[in-house]
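Below: my_file-v4.cif (mmCIF, C-alpha atoms and all ligand atoms)
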```cif
data_coords
#
loop_
_atom_site.group_PDB
_atom_site.id
_atom_site.type_symbol
_atom_site.label_atom_id
_atom_site.label_comp_id
_atom_site.auth_asym_id
_atom_site.auth_seq_id
_atom_site.Cartn_x
_atom_site.Cartn_y
_atom_site.Cartn_z
ATOM 1 C CA MET A 1 92.725 -36.004 102.936
ATOM 2 C CA GLY A 2 94.291 -33.631 105.454
ATOM 3 C CA ASP A 3 95.044 -31.026 102.821
ATOM 4 C CA TYR A 4 91.485 -31.033 101.517
ATOM 5 C CA THR A 5 90.080 -30.477 104.977
ATOM 6 C CA SER A 6 92.376 -27.631 105.942
ATOM 7 C CA GLU A 7 91.911 -25.862 102.617
ATOM 8 C CA LEU A 8 88.160 -26.281 102.918
ATOM 9 C CA ARG A 9 88.227 -24.736 106.368
ATOM 10 C CA LYS A 10 90.057 -21.693 104.987
ATOM 11 C CA LEU A 11 87.463 -21.257 102.273
ATOM 12 C CA SER A 12 84.454 -21.779 104.444
ATOM 13 C CA PRO A 13 85.407 -21.258 108.103
ATOM 14 C CA ARG A 14 81.833 -21.412 109.359
ATOM 15 C CA GLY A 15 80.942 -24.526 107.448
ATOM 16 C CA PHE A 16 78.218 -24.731 104.817
ATOM 17 C CA PRO A 17 77.209 -23.235 102.562
ATOM 18 C CA PRO A 18 80.546 -22.193 101.077
ATOM 19 C CA SER A 19 80.841 -18.883 99.289
ATOM 20 C CA THR A 20 79.751 -18.534 95.687
ATOM 21 C CA GLN A 21 83.375 -17.923 94.808
ATOM 22 C CA ALA A 22 84.298 -21.241 96.313
ATOM 23 C CA LEU A 23 81.640 -23.001 94.262
ATOM 24 C CA ARG A 24 82.961 -21.498 91.088
ATOM 25 C CA LYS A 25 86.576 -22.320 91.624
ATOM 26 C CA PRO A 26 86.694 -25.921 90.364
ATOM 27 C CA GLY A 27 87.929 -26.211 86.783
ATOM 28 C CA ARG A 28 86.734 -23.640 84.331
ATOM 29 C CA LEU A 29 83.324 -25.169 84.181
ATOM 30 C CA ALA A 30 81.346 -22.600 86.099
ATOM 31 C CA ALA A 31 83.528 -19.770 84.857
ATOM 32 C CA THR A 32 82.129 -20.244 81.345
ATOM 33 C CA GLY A 33 78.765 -19.115 82.663
ATOM 34 C CA ARG A 34 77.027 -21.521 80.328
ATOM 35 C CA PRO A 35 74.034 -23.363 81.701
ATOM 36 C CA GLY A 36 74.219 -27.123 81.417
ATOM 37 C CA LEU A 37 74.825 -30.401 83.143
ATOM 38 C CA GLY A 38 78.091 -29.618 84.880
ATOM 39 C CA ARG A 39 76.914 -26.178 85.922
ATOM 40 C CA ARG A 40 73.813 -27.684 87.481
ATOM 41 C CA CYS A 41 75.974 -30.188 89.359
ATOM 42 C CA TYR A 42 78.256 -27.554 90.780
ATOM 43 C CA ASP A 43 75.434 -25.218 91.676
ATOM 44 C CA ALA A 44 74.362 -27.643 94.391
ATOM 45 C CA PHE A 45 75.813 -26.982 97.862
ATOM 46 C CA VAL A 46 79.064 -28.751 97.172
ATOM 47 C CA PRO A 47 82.102 -27.233 98.867
ATOM 48 C CA THR A 48 85.044 -26.559 96.577
ATOM 49 C CA LEU A 49 87.359 -29.103 98.075
ATOM 50 C CA ALA A 50 84.703 -31.771 98.285
ATOM 51 C CA ARG A 51 85.255 -31.701 94.542
ATOM 52 C CA GLY A 52 88.035 -34.049 93.576
ATOM 53 C CA LYS A 53 90.815 -33.433 91.121
ATOM 54 C CA LEU A 54 91.045 -34.359 87.489
ATOM 55 C CA ILE A 55 94.565 -35.395 86.479
ATOM 56 C CA THR A 56 95.048 -36.358 82.848
ATOM 57 C CA PHE A 57 97.959 -38.199 81.240
ATOM 58 C CA GLU A 58 98.916 -37.376 77.691
ATOM 59 C CA GLY A 59 101.579 -38.362 75.219
ATOM 60 C CA LEU A 60 102.408 -40.331 72.117
ATOM 61 C CA ASP A 61 101.499 -43.989 71.844
ATOM 62 C CA GLY A 62 104.265 -45.943 73.562
ATOM 63 C CA SER A 63 105.396 -43.033 75.773
ATOM 64 C CA GLY A 64 104.783 -45.087 78.918
ATOM 65 C CA LYS A 65 101.905 -42.950 80.198
ATOM 66 C CA SER A 66 99.595 -45.840 81.129
ATOM 67 C CA THR A 67 102.308 -47.490 83.253
ATOM 68 C CA GLN A 68 103.058 -44.198 84.981
ATOM 69 C CA LEU A 69 99.372 -43.512 85.564
ATOM 70 C CA GLU A 70 99.066 -46.872 87.342
ATOM 71 C CA ARG A 71 102.129 -46.122 89.473
ATOM 72 C CA LEU A 72 100.706 -42.772 90.497
ATOM 73 C CA ALA A 73 97.424 -44.462 91.405
ATOM 74 C CA VAL A 74 99.301 -46.872 93.684
ATOM 75 C CA ALA A 75 101.206 -43.996 95.353
ATOM 76 C CA LEU A 76 98.067 -41.935 95.950
ATOM 77 C CA ARG A 77 96.114 -44.919 97.255
ATOM 78 C CA ALA A 78 98.947 -45.598 99.678
ATOM 79 C CA GLU A 79 98.057 -42.187 101.139
ATOM 80 C CA ARG A 80 94.457 -43.349 101.419
ATOM 81 C CA LEU A 81 93.360 -40.864 98.786
ATOM 82 C CA PRO A 82 90.298 -41.955 96.806
ATOM 83 C CA VAL A 83 91.495 -42.610 93.269
ATOM 84 C CA LEU A 84 89.566 -43.525 90.153
ATOM 85 C CA VAL A 85 91.492 -44.725 87.107
ATOM 86 C CA THR A 86 89.860 -44.397 83.718
ATOM 87 C CA ARG A 87 90.689 -43.825 80.052
ATOM 88 C CA GLU A 88 89.675 -42.324 76.733
ATOM 89 C CA PRO A 89 88.440 -43.271 74.314
ATOM 90 C CA GLY A 90 86.489 -45.593 76.592
ATOM 91 C CA GLY A 91 85.779 -45.483 80.305
ATOM 92 C CA THR A 92 82.089 -46.410 79.963
ATOM 93 C CA TRP A 93 80.230 -49.250 78.280
ATOM 94 C CA THR A 94 79.318 -46.899 75.422
ATOM 95 C CA GLY A 95 82.797 -45.430 75.243
ATOM 96 C CA GLU A 96 84.469 -48.825 75.087
ATOM 97 C CA LYS A 97 82.221 -49.775 72.147
ATOM 98 C CA ILE A 98 83.236 -46.547 70.417
ATOM 99 C CA ARG A 99 86.878 -47.274 71.231
ATOM 100 C CA GLN A 100 86.731 -50.673 69.546
ATOM 101 C CA LEU A 101 85.793 -48.968 66.302
ATOM 102 C CA LEU A 102 88.290 -46.125 66.642
ATOM 103 C CA VAL A 103 91.370 -48.240 67.269
ATOM 104 C CA ASP A 104 90.551 -51.169 64.982
ATOM 105 C CA SER A 105 92.992 -51.096 62.088
ATOM 106 C CA ALA A 106 90.235 -52.542 59.849
ATOM 107 C CA ALA A 107 88.368 -49.200 60.141
ATOM 108 C CA THR A 108 90.240 -47.736 57.190
ATOM 109 C CA ALA A 109 87.283 -45.721 55.836
ATOM 110 C CA LEU A 110 86.830 -43.552 58.930
ATOM 111 C CA VAL A 111 87.277 -39.915 57.884
ATOM 112 C CA PRO A 112 89.018 -37.446 60.242
ATOM 113 C CA THR A 113 85.851 -35.519 61.099
ATOM 114 C CA ALA A 114 83.965 -38.715 61.972
ATOM 115 C CA GLU A 115 86.939 -39.816 64.040
ATOM 116 C CA LEU A 116 86.870 -36.529 65.944
ATOM 117 C CA ALA A 117 83.115 -36.768 66.481
ATOM 118 C CA LEU A 118 83.477 -40.290 67.883
ATOM 119 C CA MET A 119 86.229 -39.170 70.271
ATOM 120 C CA PHE A 120 83.880 -36.513 71.598
ATOM 121 C CA ALA A 121 80.918 -38.883 71.764
ATOM 122 C CA SER A 122 82.980 -41.145 74.005
ATOM 123 C CA ARG A 123 84.158 -38.146 76.059
ATOM 124 C CA ALA A 124 80.704 -36.639 76.582
ATOM 125 C CA GLN A 125 79.412 -39.975 77.863
ATOM 126 C CA HIS A 126 82.467 -40.453 80.038
ATOM 127 C CA LEU A 127 82.188 -37.011 81.608
ATOM 128 C CA SER A 128 78.526 -37.406 82.386
ATOM 129 C CA GLU A 129 78.606 -41.003 83.558
ATOM 130 C CA VAL A 130 81.982 -41.308 85.272
ATOM 131 C CA ILE A 131 84.160 -38.204 85.601
ATOM 132 C CA GLN A 132 81.700 -35.598 86.895
ATOM 133 C CA PRO A 133 80.093 -37.939 89.462
ATOM 134 C CA ALA A 134 83.536 -39.028 90.710
ATOM 135 C CA LEU A 135 84.693 -35.413 91.081
ATOM 136 C CA LEU A 136 81.540 -34.571 92.973
ATOM 137 C CA GLN A 137 82.322 -37.471 95.317
ATOM 138 C CA GLY A 138 85.755 -35.924 95.993
ATOM 139 C CA LYS A 139 87.747 -38.502 94.057
ATOM 140 C CA ILE A 140 91.030 -37.992 92.302
ATOM 141 C CA VAL A 141 90.323 -39.025 88.743
ATOM 142 C CA LEU A 142 93.356 -40.229 86.799
ATOM 143 C CA CYS A 143 92.350 -40.220 83.169
ATOM 144 C CA ASP A 144 94.507 -41.776 80.459
ATOM 145 C CA ARG A 145 94.010 -39.173 77.675
ATOM 146 C CA PHE A 146 91.442 -36.396 77.432
ATOM 147 C CA THR A 147 90.750 -33.490 75.057
ATOM 148 C CA ASP A 148 94.449 -32.670 74.563
ATOM 149 C CA SER A 149 94.641 -35.999 72.712
ATOM 150 C CA SER A 150 91.937 -34.818 70.314
ATOM 151 C CA GLU A 151 93.759 -31.535 69.806
ATOM 152 C CA ALA A 152 97.087 -33.316 69.229
ATOM 153 C CA TYR A 153 95.864 -36.257 67.101
ATOM 154 C CA GLN A 154 92.847 -34.907 65.232
ATOM 155 C CA GLY A 155 93.721 -31.196 65.417
ATOM 156 C CA GLY A 156 97.449 -31.652 64.708
ATOM 157 C CA GLY A 157 97.925 -35.159 63.298
ATOM 158 C CA ARG A 158 94.834 -35.080 61.057
ATOM 159 C CA LYS A 159 95.188 -31.336 60.432
ATOM 160 C CA LEU A 160 91.653 -30.436 61.566
ATOM 161 C CA GLY A 161 93.108 -27.597 63.646
ATOM 162 C CA SER A 162 92.903 -26.720 67.318
ATOM 163 C CA ASP A 163 89.991 -24.361 66.944
ATOM 164 C CA ALA A 164 87.478 -27.058 65.897
ATOM 165 C CA VAL A 165 88.557 -29.260 68.807
ATOM 166 C CA LEU A 166 88.352 -26.494 71.397
ATOM 167 C CA ARG A 167 84.942 -25.432 70.127
ATOM 168 C CA LEU A 168 83.611 -28.975 70.367
ATOM 169 C CA HIS A 169 85.059 -29.230 73.849
ATOM 170 C CA GLY A 170 83.171 -26.092 74.856
ATOM 171 C CA ILE A 171 79.899 -27.353 73.390
ATOM 172 C CA LEU A 172 79.994 -31.035 74.314
ATOM 173 C CA CYS A 173 82.142 -31.087 77.445
ATOM 174 C CA GLU A 174 81.131 -27.836 79.105
ATOM 175 C CA ASP A 175 84.747 -26.760 78.824
ATOM 176 C CA VAL A 176 85.736 -28.923 81.807
ATOM 177 C CA GLN A 177 89.486 -28.569 82.293
ATOM 178 C CA PRO A 178 91.857 -30.938 84.077
ATOM 179 C CA ASP A 179 93.410 -29.623 87.283
ATOM 180 C CA LEU A 180 96.707 -31.016 86.079
ATOM 181 C CA THR A 181 97.927 -32.632 82.879
ATOM 182 C CA ILE A 182 101.037 -34.779 82.790
ATOM 183 C CA LEU A 183 102.490 -34.666 79.291
ATOM 184 C CA MET A 184 104.879 -37.569 78.781
ATOM 185 C CA ASP A 185 107.271 -36.257 76.178
ATOM 186 C CA SER A 186 109.424 -38.643 74.211
ATOM 187 C CA ASP A 187 110.871 -38.797 70.734
ATOM 188 C CA VAL A 188 108.589 -40.020 68.006
ATOM 189 C CA VAL A 189 110.537 -42.979 66.615
ATOM 190 C CA ARG A 190 111.234 -44.480 69.999
ATOM 191 C CA SER A 191 107.640 -44.164 71.261
ATOM 192 C CA VAL A 192 105.880 -45.375 68.176
ATOM 193 C CA ASP A 193 108.252 -48.344 67.730
ATOM 194 C CA ARG A 194 107.488 -49.359 71.288
ATOM 195 C CA ALA A 195 103.731 -49.056 70.722
ATOM 196 C CA ARG A 196 103.922 -51.105 67.511
ATOM 197 C CA ARG A 197 105.923 -53.892 69.177
ATOM 198 C CA ARG A 198 103.469 -53.986 72.073
ATOM 199 C CA ASN A 199 100.515 -54.092 69.734
ATOM 200 C CA ARG A 200 101.965 -56.903 67.618
ATOM 201 C CA SER A 201 102.415 -59.042 70.711
ATOM 202 C CA ARG A 202 98.811 -58.401 71.797
ATOM 203 C CA THR A 203 97.069 -58.907 68.471
ATOM 204 C CA VAL A 204 94.680 -61.843 68.370
ATOM 205 C CA GLY A 205 93.000 -62.987 65.131
ATOM 206 C CA THR A 206 92.254 -60.228 62.620
ATOM 207 C CA SER A 207 91.172 -57.468 65.020
ATOM 208 C CA ASP A 208 93.802 -55.250 66.627
ATOM 209 C CA GLU A 209 94.233 -51.848 68.294
ATOM 210 C CA GLY A 210 96.807 -50.606 65.823
ATOM 211 C CA ARG A 211 94.922 -48.122 63.634
ATOM 212 C CA PHE A 212 96.819 -45.059 64.865
ATOM 213 C CA GLU A 213 100.145 -46.829 65.057
ATOM 214 C CA LYS A 214 100.006 -47.324 61.282
ATOM 215 C CA GLU A 215 100.317 -43.567 60.792
ATOM 216 C CA SER A 216 103.470 -41.985 59.395
ATOM 217 C CA ARG A 217 106.302 -40.435 61.283
ATOM 218 C CA ALA A 218 105.199 -37.016 59.969
ATOM 219 C CA PHE A 219 101.769 -37.586 61.554
ATOM 220 C CA PHE A 220 103.316 -38.304 64.953
ATOM 221 C CA GLU A 221 105.677 -35.327 64.636
ATOM 222 C CA ARG A 222 102.597 -33.129 64.203
ATOM 223 C CA VAL A 223 100.971 -34.808 67.217
ATOM 224 C CA ARG A 224 104.039 -34.163 69.348
ATOM 225 C CA ASN A 225 104.409 -30.559 68.171
ATOM 226 C CA THR A 226 100.760 -29.887 68.987
ATOM 227 C CA TYR A 227 101.211 -31.336 72.476
ATOM 228 C CA LEU A 228 104.199 -29.064 73.028
ATOM 229 C CA ALA A 229 102.212 -26.076 71.769
ATOM 230 C CA ILE A 230 99.408 -26.871 74.245
ATOM 231 C CA ALA A 231 101.977 -27.023 77.060
ATOM 232 C CA ARG A 232 103.362 -23.615 76.031
ATOM 233 C CA ARG A 233 99.859 -22.169 75.867
ATOM 234 C CA GLU A 234 98.771 -23.508 79.279
ATOM 235 C CA PRO A 235 101.865 -23.851 81.464
ATOM 236 C CA GLU A 236 99.835 -23.606 84.671
ATOM 237 C CA ARG A 237 97.931 -26.782 83.756
ATOM 238 C CA VAL A 238 100.366 -28.862 81.697
ATOM 239 C CA VAL A 239 103.610 -30.265 83.097
ATOM 240 C CA ILE A 240 106.045 -31.756 80.613
ATOM 241 C CA ILE A 241 107.738 -34.887 81.909
ATOM 242 C CA ASP A 242 110.738 -36.287 80.053
ATOM 243 C CA ALA A 243 109.622 -39.852 79.406
ATOM 244 C CA ARG A 244 113.090 -41.011 78.326
ATOM 245 C CA GLY A 245 114.420 -41.613 81.824
ATOM 246 C CA SER A 246 114.034 -44.833 83.797
ATOM 247 C CA PRO A 247 110.474 -45.681 84.906
ATOM 248 C CA GLU A 248 111.478 -44.935 88.499
ATOM 249 C CA GLU A 249 112.973 -41.515 87.667
ATOM 250 C CA THR A 250 109.890 -40.657 85.666
ATOM 251 C CA HIS A 251 107.620 -41.757 88.501
ATOM 252 C CA GLN A 252 109.494 -39.509 90.947
ATOM 253 C CA GLN A 253 109.170 -36.532 88.596
ATOM 254 C CA ILE A 254 105.433 -37.138 88.317
ATOM 255 C CA LEU A 255 104.993 -37.422 92.082
ATOM 256 C CA GLU A 256 106.881 -34.185 92.529
ATOM 257 C CA ALA A 257 104.700 -32.440 89.937
ATOM 258 C CA VAL A 258 101.495 -33.714 91.558
ATOM 259 C CA ARG A 259 102.668 -32.729 95.028
ATOM 260 C CA ARG A 260 103.739 -29.258 93.910
ATOM 261 C CA ARG A 261 100.803 -28.410 91.669
ATOM 262 C CA LEU A 262 97.936 -29.955 93.605
ATOM 263 C CA LYS A 263 99.411 -29.908 97.100
ATOM 264 C CA LEU A 264 98.534 -33.551 97.584
ATOM 265 C CA LYS A 265 100.412 -35.701 100.030
ATOM 266 C CA THR A 266 102.070 -38.707 98.446
ATOM 267 C CA ALA A 267 103.643 -41.761 100.028
ATOM 268 C CA ASP A 268 107.073 -41.101 98.591
ATOM 269 C CA ASN A 269 107.609 -37.455 99.504
ATOM 270 C CA GLY A 270 105.939 -37.519 102.901
ATOM 271 C CA SER A 271 105.336 -33.757 102.814
HETATM 272 P P1 LIG B 1 95.518 -45.401 73.906
HETATM 273 O O1 LIG B 1 96.175 -46.520 73.182
HETATM 274 O O2 LIG B 1 96.481 -44.455 74.540
HETATM 275 O O3 LIG B 1 94.440 -45.863 74.845
HETATM 276 O O4 LIG B 1 94.743 -44.499 72.824
HETATM 277 C C1 LIG B 1 94.163 -45.032 71.700
HETATM 278 C C2 LIG B 1 94.465 -44.182 70.494
HETATM 279 O O5 LIG B 1 93.477 -43.168 70.366
HETATM 280 C C3 LIG B 1 95.817 -43.480 70.531
HETATM 281 O O6 LIG B 1 96.505 -43.812 69.337
HETATM 282 C C4 LIG B 1 95.483 -42.018 70.511
HETATM 283 C C5 LIG B 1 94.095 -41.965 69.950
HETATM 284 N N1 LIG B 1 93.265 -40.839 70.406
HETATM 285 C C6 LIG B 1 92.983 -39.811 69.517
HETATM 286 O O7 LIG B 1 93.426 -39.843 68.375
HETATM 287 N N2 LIG B 1 92.185 -38.791 69.941
HETATM 288 C C7 LIG B 1 91.643 -38.731 71.189
HETATM 289 O O8 LIG B 1 90.925 -37.788 71.520
HETATM 290 C C8 LIG B 1 91.958 -39.807 72.099
HETATM 291 C C9 LIG B 1 91.379 -39.779 73.471
HETATM 292 C C10 LIG B 1 92.765 -40.836 71.665
#
```

Have the structure of the file written as C-alpha cells, please.
Ligand code: TMP
Amino acid sequence: MGDYTSELRKLSPRGFPPSTQALRKPGRLAATGRPGLGRRCYDAFVPTLARGKLITFEGLDGSGKSTQLERLAVALRAERLPVLVTREPGGTWTGEKIRQLLVDSAATALVPTAELALMFASRAQHLSEVIQPALLQGKIVLCDRFTDSSEAYQGGGRKLGSDAVLRLHGILCEDVQPDLTILMDSDVVRSVDRARRRNRSRTVGTSDEGRFEKESRAFFERVRNTYLAIARREPERVVIIDARGSPEETHQQILEAVRRRLKLKTADNGS
C-alpha cells in the first residue's frame, strides 16, 4: 500500500478534500461527464488513490488466463494488497444465473443480439454490485473477462461490430475502463483444443459450459483478430502477453506488466 499512500500525498498534500482533478482521474468514468451511478459514487469525497485498480484478463478460451489471474492474485496478496477476484459473465448471483444460460450448449436458439444483451445485463449488475463498491474500498479487482470479451466475441466473432458493443458499454456501464488489461494471446487451434478437452472432462450429465467452444475456427480467428485490434487501438491500457510460454514465464511477464503499468509492488520483483 506504500505506493498508494505516497501518490495520494502528492495529489493532496494537505489531506482532504482532494482536488477535483484528482477525483476525476480514475478510469474514464467521470471524464464522460454523464450523470449516473458511477459518477455519483466518485463525486463523494473519495481521494483518487483510495480508489482501487481494475485489472482485466482477456483471451481465447483455453489461453490460460484464469490460471494466470489466480497466480497474480496470490502474488499481490503476498504484498498484502487487497485483491478481489471475480469473473464475467457472472460475479453476482444474478450474473451467475445469466452465465448458466449463456454457456450452456443446449441454448442453441440464442441469437447474437440476445447473447450480447445478456452479457451486458450480467456486466451492469456486476459493476453496480461488486466492481464499483470494491474500487471505492481501494481494492485491486482482478476480473476474468470484461467488455473487451463482448467486443471480441459478439462484435468480432458474431459480427455485430465494435460500435454496437462500445455504445452499449457507454450506456449500461458508464464507460468504466480497466486500468490495465492483460491480453493472453495464443494461437486459435491450440487454445480452443485445450478448452474443449477441459470442458469434456468437466461435463456432468447433459448440461455443460461448451456453447462457445462449439464455434468454428473462423469464429475464433475473428475473436483473436478483434482482440489484437483493441490492443492496437488502446496500447496504453492493453498489454499483450504471449501465452505460449511456460506458466512460470507467463506469470513473470504479467507481474512485470502490472508493476510497470500500475506501479504496484509485487512479491517477486521487490521493487
Ligand atoms: P469463460 O469460460 O472464460 O468464463 O467465459 C465464458 C464464455 O463466454 C467464453 O467462451 C467467452 C464468452 N464471453 C462472450 O462471448 N462475451 C462476453 O462478453 C464475455 C464476458 C464472455

Quiz prompt | Spatial neighbours of Gly64 in chain A, max dist 10 Å, only C-alpha atoms, sep filter under 5 positions, as JSON, numbers by chain | solution = {"A": [57, 58, 59, 69, 184, 185, 186, 191, 194, 195, 243, 244, 247, 250]}

Quiz item: When the PyMOL selection byres (((not hetatm)) within 10 of (chain B and resi 1)) is applied to the file above, which residues end up in the set, as an MDAnalysis selection string?
Solution: chainID A and resid 57:66 87:90 99:100 102:104 112 115:120 122:123 143:158 165 192 195 199 209:215 220 223

Exercise. Using the chain letters and numbering of this document, enumerate as a PyMOL selection string the residues selected by the PyMOL selection byres (((chain A and resi 73-85) around 6) and not hetatm).
Key: chain A and resi 70-72+86+139-142+266-267

C-alpha atoms of the current selection, written as a PDB file, in the coordinates of the input:
```pdb
ATOM      1  CA  GLU A  70      99.066 -46.872  87.342  1.00  0.00           C
ATOM      2  CA  ARG A  71     102.129 -46.122  89.473  1.00  0.00           C
ATOM      3  CA  LEU A  72     100.706 -42.772  90.497  1.00  0.00           C
ATOM      4  CA  THR A  86      89.860 -44.397  83.718  1.00  0.00           C
ATOM      5  CA  LYS A 139      87.747 -38.502  94.057  1.00  0.00           C
ATOM      6  CA  ILE A 140      91.030 -37.992  92.302  1.00  0.00           C
ATOM      7  CA  VAL A 141      90.323 -39.025  88.743  1.00  0.00           C
ATOM      8  CA  LEU A 142      93.356 -40.229  86.799  1.00  0.00           C
ATOM      9  CA  THR A 266     102.070 -38.707  98.446  1.00  0.00           C
ATOM     10  CA  ALA A 267     103.643 -41.761 100.028  1.00  0.00           C
TER      11      ALA A 267
END
```

Mind working out the centre and edge lengths of an axis-aligned box for range 86-93 of chain A, all listed atoms inside, 5 Å added to each side, rounded to one decimal in Å and written as AutoDock Vina command-line options?
```
--center_x 85.5 --center_y -45.8 --center_z 79.0 --size_x 20.5 --size_y 16.9 --size_z 19.4
```

Quiz prompt | Neighbour list for range 176-183 of chain A as a list in words, cut-off 7 Å, only C-alpha atoms, skip fewer than 5 positions in-chain | solution = Gly27, Arg28, Leu29, Lys53, Leu54, Ile55, Thr56, Phe57, Glu58, Gly59, Arg237, Val238, Val239, Ile240 and Ile241 of chain A

Exercise. Could you expand the PyMOL selection byres (((chain A and resi 138) around 7) and not hetatm) into the explicit residues it covers here, written as a PyMOL selection string?
Key: chain A and resi 50-52+134-137+139-140

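Going from CA of Ser128 in chain A to CA of Thr92 in chain A covers 10.0 Å.
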
Self-check item: Coordinates-based distance that separates CA of Val188 in chain A from CA of Ser216 in chain A (Å, one decimal)
Solution: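 Between these atoms lies a distance of 10.2 Å.
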
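With distances restricted to all atoms listed in the file, A:Ala121 is the closest residue to Leu172 in chain A from A:Arg217, A:Asp187, A:Ala121, A:Arg196.
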
Quiz item: Between CA of Asp208 in chain A and CA of Ala106 in chain A, what is the distance, to one decimal in Å?
Solution: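 The value is 8.1 Å.
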